[in-house]
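Notes follow the structure.
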Amino acid sequence: MANGTAAPTDLDTRLEAHRTELTGYCYRMLGSSFEAEDAVQDTMVRAWRGYATFEGRSSLRSWLYRIATNVCLDMLTAGNKRARPMDLTEPTPLARAALSPRPDNTWLEPMPDARVLPSTHDPAEAAVAKESVRLAFMAALQQLPAKQRVVLILREVLAWKASEVAELLDTSVASVNSALQRARATLAERQEPGAEAAVSDPLDEDQRKLLDRYVAAFEGYDMAALTALLHEDAVMTMPPFDLWLTGTRDITDFMTTLGAPCAGSRLVPVQVNGLPGFAQYKPDPDNGGFMPWAVQVLEISEGRITGFHCFLDTQRWFPLFDLPLHLEAETDQVEQGA
């Protein structure tokens, strides 16, 4: 079919076929679930409007990535770097804990796997894709200058050739290789001890058992059982609050003091940022049943939970994960929407 003559429905179908991978790309670039989806929608609109001038010198996919890159670079001109609480402050001892919120645009945001990880039959490719949306890697990406971020994602995550990246950025292969080297050095400097979340895909038997024990401990609010599952240096975060805690004692003491209203919660499994997670519903004292409270993202290493990250803006996150905003009292589980 000649360029510029695609039927509207045919062009829509061709563009939509790239939506998930483009959302993953924009999410890695921007660190925001909603900004990523806005960027992809802008990309689709620009592609639709500009399709008549698309000359076919590159593939439609490469052309879309060029548009998406320009959209993301425009959005990043404000210089905002999204972060996790531990990127901004020192850990807070429980005795001085205070729940101080920061604006939404401060935080690295969670993302459902299904929105950013295209289906693949290649286990190695799937593993790289999952690792590249995990919170620690995403936080490190945010520290890179925008062009280095583009180069690292396209070269290391999406396995583009240096020549392809150079063409997209209208630069030289030498410039791309230099940017990649600098980006790798920055990430190596930021490598945190124990930051790797060693989660297999699919979960192995020990990991499944660990999560089963976690659900039983959390829903039973059994702090002794929970302590047995946490690494001694485990970290707990709760965006939009900048407070973060480290160590089993502070985490479990927090849960029985400021976090005491979470006793009796229900957990619904979700796949988030390439890691196991749960939607947490806590008892609703006004309406009965359970109300949404947090999307939890768990990092696991060497048979223990090393990261316990709770995203509390449920009016935004639960619809993003296709989750209901209320559970009836007799409902212990709910199937996550497609």
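In the structure tokens, chains take the letters A, B, ... in the order shown, each chain's residues start at 1, and ligands count up from 1 in the order shown.
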
Exercise for the section: Using DSSP on the backbone, list every residue of region 199-293 of chain A that comes out as strand (DSSP E or B), and give them as a PyMOL selection string. Expected result: chain A and resi 230-238+241-246+266-272+275-283+290-293

Practice task
With a distance cut-off of 10 Å and only C-alpha atoms, select the neighbouring residues of region 238-245 of chain A, excluding the residue or stretch itself and same-chain residues fewer than 4 positions from it, and output the selection as a count of residues only.
Solution key: 42

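With only C-alpha atoms taken into account, the protein and nucleic acid residues at most 10 Å from Trp63 (chain A) (excluding it and anything under 6 positions from it in its own chain) are Ala47, Tyr51, Phe54, Glu55, Gly56, Arg57, Thr69 and Leu168 of chain A.
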
Practice task
Please indicate the distance in Å from CA of Gly307 (chain A) to CA of Leu211 (chain A), rounded to one decimal place.
Solution key: 13.1 Å

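Residue nearest Leu210 (chain A) within the list A:Ala225, A:Ala127, A:Ala159, A:Met29: A:Ala225 [criterion: smallest interatomic distance, only C-alpha atoms].
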
Exercise for the section: Check the DSSP output for the backbone and give back, as a PyMOL selection string, the residues of region 109-254 of chain A in helix (DSSP H, G or I). Expected result: chain A and resi 113-116+123-131+135-141+146-157+162-169+173-190+205-219+223-229+248-254

Problem - Interatomic distance (Å, one decimal) between CA of Asp42 (chain A) and CA of Leu154 (chain A) - result: 19.9 Å

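Nearest to Ala146 (chain A) of all the residues A:Arg66, A:Lys81, A:Arg213, A:Arg184 is A:Lys81, based on only C-alpha atoms.
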
For the contact check between region 28-103 of chain A and region 261-274 of chain A, emit one row per residue of region 28-103 of chain A within 12 Å, containing the shortest atom pair and the distance in Å rounded to one decimal, counting only C-alpha atoms, chain then rising number order, as JSON lines.
```
{"residue": "A:Arg28", "atom": "CA", "partner": "A:Asn273", "partner_atom": "CA", "distance": 10.6}
{"residue": "A:Gly31", "atom": "CA", "partner": "A:Asn273", "partner_atom": "CA", "distance": 11.2}
{"residue": "A:Ser32", "atom": "CA", "partner": "A:Asn273", "partner_atom": "CA", "distance": 11.8}
{"residue": "A:Ser33", "atom": "CA", "partner": "A:Asn273", "partner_atom": "CA", "distance": 10.7}
```

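Here CA of Phe290 (chain A) stands at a distance of 25.8 Å from CA of Phe34 (chain A).
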
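For the choices A:Leu327, A:Ala95, A:Val71, A:Leu15, the atom-to-atom distance to Asp253 (chain A) is smallest for A:Ala95 when using only C-alpha atoms.
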